[in-house]
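**Q** Sharing a structure here in structure tokens format.
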Amino acid sequence: KMMLPKHLKDRCLTVRRMLLLSLLLHSVVTTNGWVQSTLPTKISSSKFSLASEAADNNDVLGGVTNFEQWFGKLEKSSCLSSISHAAFGSLRGLTCSEIINEENKNILTVPGDIILSSSYANENWDVELAKKLWTECMKGSQSSLSGYCSLLSRGEKILSNSVPPSAAPNALRHWTQEELDGLALSPNGKKLVKIKEKQEKLWRRKYQSLSKDSSSNPMSWEQFEWCLEVIHSRAFRGN
């Protein structure tokens with residue numbers, strides 16, 4: 001068990017991965033496994049619970065309406081009606097209104113033609129996904145992933161000279177120096193800070209390598225970092 005200074009406790013969230021759902025829905029982030037006692041703001045629909053316009057006015061649920069309308073129109077897509085997007089305080093996630101005991105029950109179906117993929121054998125698999133994701137984001141409403149891009153950006157229009165809202169705002173890279181210093185007071189916390197620093201250096205090297213070919217790099221460092229943050233909090237290995 002890691003002991004943290006009191007002022008950091010609210011920033012420390014239990015990390016829980018929800019692989020398939022996090023890939024498509026984005027709303028389940030690796031840092032969104034924190035369970036609060038407050039009731040979630042629920043939304044309702046067919047393939048997904050359809051959010052109201054009022055929900056999109058909430059920054060936490062921004063982009064949900066666009067995503068659900070987009071996903072609902074995809075051929076061969078489906079999702080249990082009991083699964084809905086929800087706001088848990090300042091966090092966005094999913095809620096399920098039923099207990100699923102049935103084995104091999106189909107929770108959701110994602111059409112293969114909307115999945116972005118790259119070979120994990122390539123050490124820069126994440127860079128390849130970053131380029132593909134940003135390309136789709138730049139297409140705007142013309143992208144086959146327009147609803148997903150809207151969900152990732154919380155409904156904000158993604159422009160070539162802008163950076164969307166953080167896709168993992170509670171990640172250590174967004175902590176203040178004071179918070180990081182406090183975390184480093186414990187041995188385990190110090191290890192986490194070192195991992196964070198190591199990852200940042202790696203991402204910088206990946207961006208510098210990408211920048212050597214300007215024709216294939218339309219992204220600024222901040223945009224590239226945003227894409228990698230999306231990918232590393234949502235992508236998973238599988239067939």
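Each chain of the structure tokens is named A, B, ... in the order shown, its residues numbered from 1; ligands are numbered from 1 in display order.
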Please provide the set of residues having any atom within 8 Å of Gly147 of chain A, restricted to only C-alpha atoms, with same-chain residues fewer than 5 positions apart removed, written as a PyMOL selection string.

**A** chain A and resi 63+66-71

**Q** Just give me the gap between atom CA of Leu172 of chain A and atom CA of Ser186 of chain A in Å, one decimal is fine.

**A** 15.2 Å

**Q** Which distance in Å separates atom CA of Lys157 of chain A and atom CA of Glu128 of chain A, to one decimal?

**A**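 Computing the Euclidean distance for atom CA of Lys157 of chain A and atom CA of Glu128 of chain A yields 22.8 Å.
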
**Q** Work out how far atom CA of Glu123 of chain A is from atom CA of Phe224 of chain A, in Å to one decimal.

**A** 16.5 Å

**Q** Counting only C-alpha atoms, which of A:Lys131, A:Arg234, A:Asn104, A:Leu185 gets nearest to Tyr207 of chain A?

**A** A:Lys131

**Q** Compile the contact shell of segment 106-108 of chain A as a PDB file with N, CA and C atoms, in the first residue's frame: residues with an atom at most 7 Å away, counting only C-alpha atoms, same-chain residues fewer than 3 positions apart removed.

**A**
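Writing the result to out18.pdb gives the following:
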ATOM      1  N   SER A  78     -23.828  -3.053 -32.602  1.00  0.00           N
ATOM      2  CA  SER A  78     -24.848  -3.309 -31.586  1.00  0.00           C
ATOM      3  C   SER A  78     -24.249  -3.144 -30.205  1.00  0.00           C
ATOM      4  N   CYS A  79     -25.096  -2.903 -29.225  1.00  0.00           N
ATOM      5  CA  CYS A  79     -24.663  -2.794 -27.838  1.00  0.00           C
ATOM      6  C   CYS A  79     -25.860  -3.052 -26.941  1.00  0.00           C
ATOM      7  N   LEU A  80     -25.629  -3.708 -25.802  1.00  0.00           N
ATOM      8  CA  LEU A  80     -26.715  -3.961 -24.868  1.00  0.00           C
ATOM      9  C   LEU A  80     -27.381  -2.653 -24.461  1.00  0.00           C
TER      10      LEU A  80
END

**Q** Skip Thr95 of chain A itself and residues of its chain fewer than 5 positions away, then list as a list in words all residues within 7 Å of it, counting only C-alpha atoms.

**A** Ile83, Ser84, His85 and Ala86 of chain A

**Q** Find the residues around Lys194 of chain A up to 12 Å (only C-alpha atoms counted), leave out those fewer than 4 positions away in its own chain, and share them as a compact mmCIF listing (two decimals) with all heavy atoms, in the first residue's frame.

**A**
# COMPACT_ATOMS: atom_id res chain seq x y z
N LEU A 172 -0.31 11.25 -14.84
CA LEU A 172 0.75 11.98 -14.14
C LEU A 172 1.32 13.12 -14.96
O LEU A 172 1.79 14.12 -14.39
CB LEU A 172 1.88 11.01 -13.75
CG LEU A 172 1.59 9.99 -12.65
CD1 LEU A 172 2.85 9.20 -12.33
CD2 LEU A 172 1.07 10.67 -11.40
N ARG A 173 1.30 13.01 -16.28
CA ARG A 173 1.87 14.08 -17.10
C ARG A 173 1.11 15.40 -16.94
O ARG A 173 1.61 16.45 -17.33
CB ARG A 173 1.91 13.66 -18.57
CG ARG A 173 0.60 13.57 -19.27
CD ARG A 173 0.76 13.09 -20.71
NE ARG A 173 1.27 11.74 -20.74
CZ ARG A 173 0.49 10.65 -20.68
NH1 ARG A 173 -0.82 10.79 -20.59
NH2 ARG A 173 1.01 9.45 -20.71
N LEU A 180 3.70 16.22 -8.09
CA LEU A 180 4.70 15.20 -8.40
C LEU A 180 5.74 15.09 -7.29
O LEU A 180 6.16 13.99 -6.93
CB LEU A 180 5.38 15.53 -9.73
CG LEU A 180 4.52 15.39 -10.99
CD1 LEU A 180 5.26 15.93 -12.21
CD2 LEU A 180 4.11 13.94 -11.21
N ASP A 181 6.13 16.23 -6.75
CA ASP A 181 7.10 16.23 -5.66
C ASP A 181 6.51 15.51 -4.45
O ASP A 181 7.22 14.76 -3.75
CB ASP A 181 7.47 17.66 -5.28
CG ASP A 181 8.31 18.35 -6.35
OD1 ASP A 181 8.87 17.64 -7.21
OD2 ASP A 181 8.37 19.59 -6.33
N LEU A 183 4.19 13.17 -4.53
CA LEU A 183 4.10 11.76 -4.86
C LEU A 183 5.44 11.07 -4.68
O LEU A 183 5.52 9.92 -4.23
CB LEU A 183 3.61 11.59 -6.30
CG LEU A 183 3.42 10.17 -6.83
CD1 LEU A 183 2.33 9.44 -6.02
CD2 LEU A 183 3.06 10.19 -8.31
N ALA A 184 6.51 11.77 -5.02
CA ALA A 184 7.86 11.20 -4.97
C ALA A 184 8.37 11.03 -3.54
O ALA A 184 9.45 10.47 -3.34
CB ALA A 184 8.82 12.07 -5.77
N PRO A 187 8.56 5.68 -1.73
CA PRO A 187 9.34 4.87 -2.68
C PRO A 187 8.54 4.48 -3.92
O PRO A 187 9.03 4.59 -5.05
CB PRO A 187 9.74 3.65 -1.86
CG PRO A 187 9.75 4.14 -0.45
CD PRO A 187 8.62 5.11 -0.36
N ASN A 188 7.30 4.01 -3.72
CA ASN A 188 6.48 3.61 -4.86
C ASN A 188 6.10 4.81 -5.71
O ASN A 188 6.04 4.73 -6.94
CB ASN A 188 5.23 2.88 -4.38
CG ASN A 188 5.54 1.49 -3.86
OD1 ASN A 188 6.52 0.87 -4.26
ND2 ASN A 188 4.70 0.99 -2.96
N GLY A 189 5.82 5.92 -5.04
CA GLY A 189 5.48 7.13 -5.78
C GLY A 189 6.65 7.62 -6.62
O GLY A 189 6.47 8.08 -7.74
N LYS A 190 7.84 7.50 -6.07
CA LYS A 190 9.05 7.91 -6.80
C LYS A 190 9.23 7.06 -8.05
O LYS A 190 9.64 7.56 -9.10
CB LYS A 190 10.26 7.78 -5.88
CG LYS A 190 11.52 8.41 -6.44
CD LYS A 190 12.63 8.41 -5.40
CE LYS A 190 13.87 9.12 -5.92
NZ LYS A 190 14.95 9.15 -4.89
N LYS A 198 10.36 8.66 -17.96
CA LYS A 198 10.89 7.76 -19.00
C LYS A 198 9.96 7.74 -20.20
O LYS A 198 10.42 7.77 -21.35
CB LYS A 198 11.04 6.35 -18.43
CG LYS A 198 11.62 5.35 -19.41
CD LYS A 198 11.78 3.97 -18.75
CE LYS A 198 12.35 2.96 -19.74
NZ LYS A 198 12.50 1.61 -19.11
N GLN A 199 8.65 7.69 -19.94
CA GLN A 199 7.69 7.67 -21.04
C GLN A 199 7.74 8.98 -21.83
O GLN A 199 7.68 8.97 -23.07
CB GLN A 199 6.28 7.45 -20.51
CG GLN A 199 5.24 7.32 -21.62
CD GLN A 199 3.82 7.21 -21.08
OE1 GLN A 199 3.33 8.12 -20.41
NE2 GLN A 199 3.17 6.08 -21.34
N GLU A 200 7.87 10.10 -21.13
CA GLU A 200 7.91 11.39 -21.82
C GLU A 200 9.13 11.48 -22.74
O GLU A 200 9.03 11.97 -23.87
CB GLU A 200 7.94 12.54 -20.81
CG GLU A 200 7.93 13.90 -21.48
CD GLU A 200 7.84 15.05 -20.50
OE1 GLU A 200 7.70 14.78 -19.28
OE2 GLU A 200 7.93 16.21 -20.93
N LYS A 201 10.27 10.99 -22.28
CA LYS A 201 11.49 11.01 -23.10
C LYS A 201 11.31 10.13 -24.33
O LYS A 201 11.73 10.48 -25.43
CB LYS A 201 12.68 10.54 -22.27
CG LYS A 201 13.12 11.52 -21.20
CD LYS A 201 14.31 10.98 -20.41
CE LYS A 201 14.74 11.96 -19.32
NZ LYS A 201 15.88 11.44 -18.51
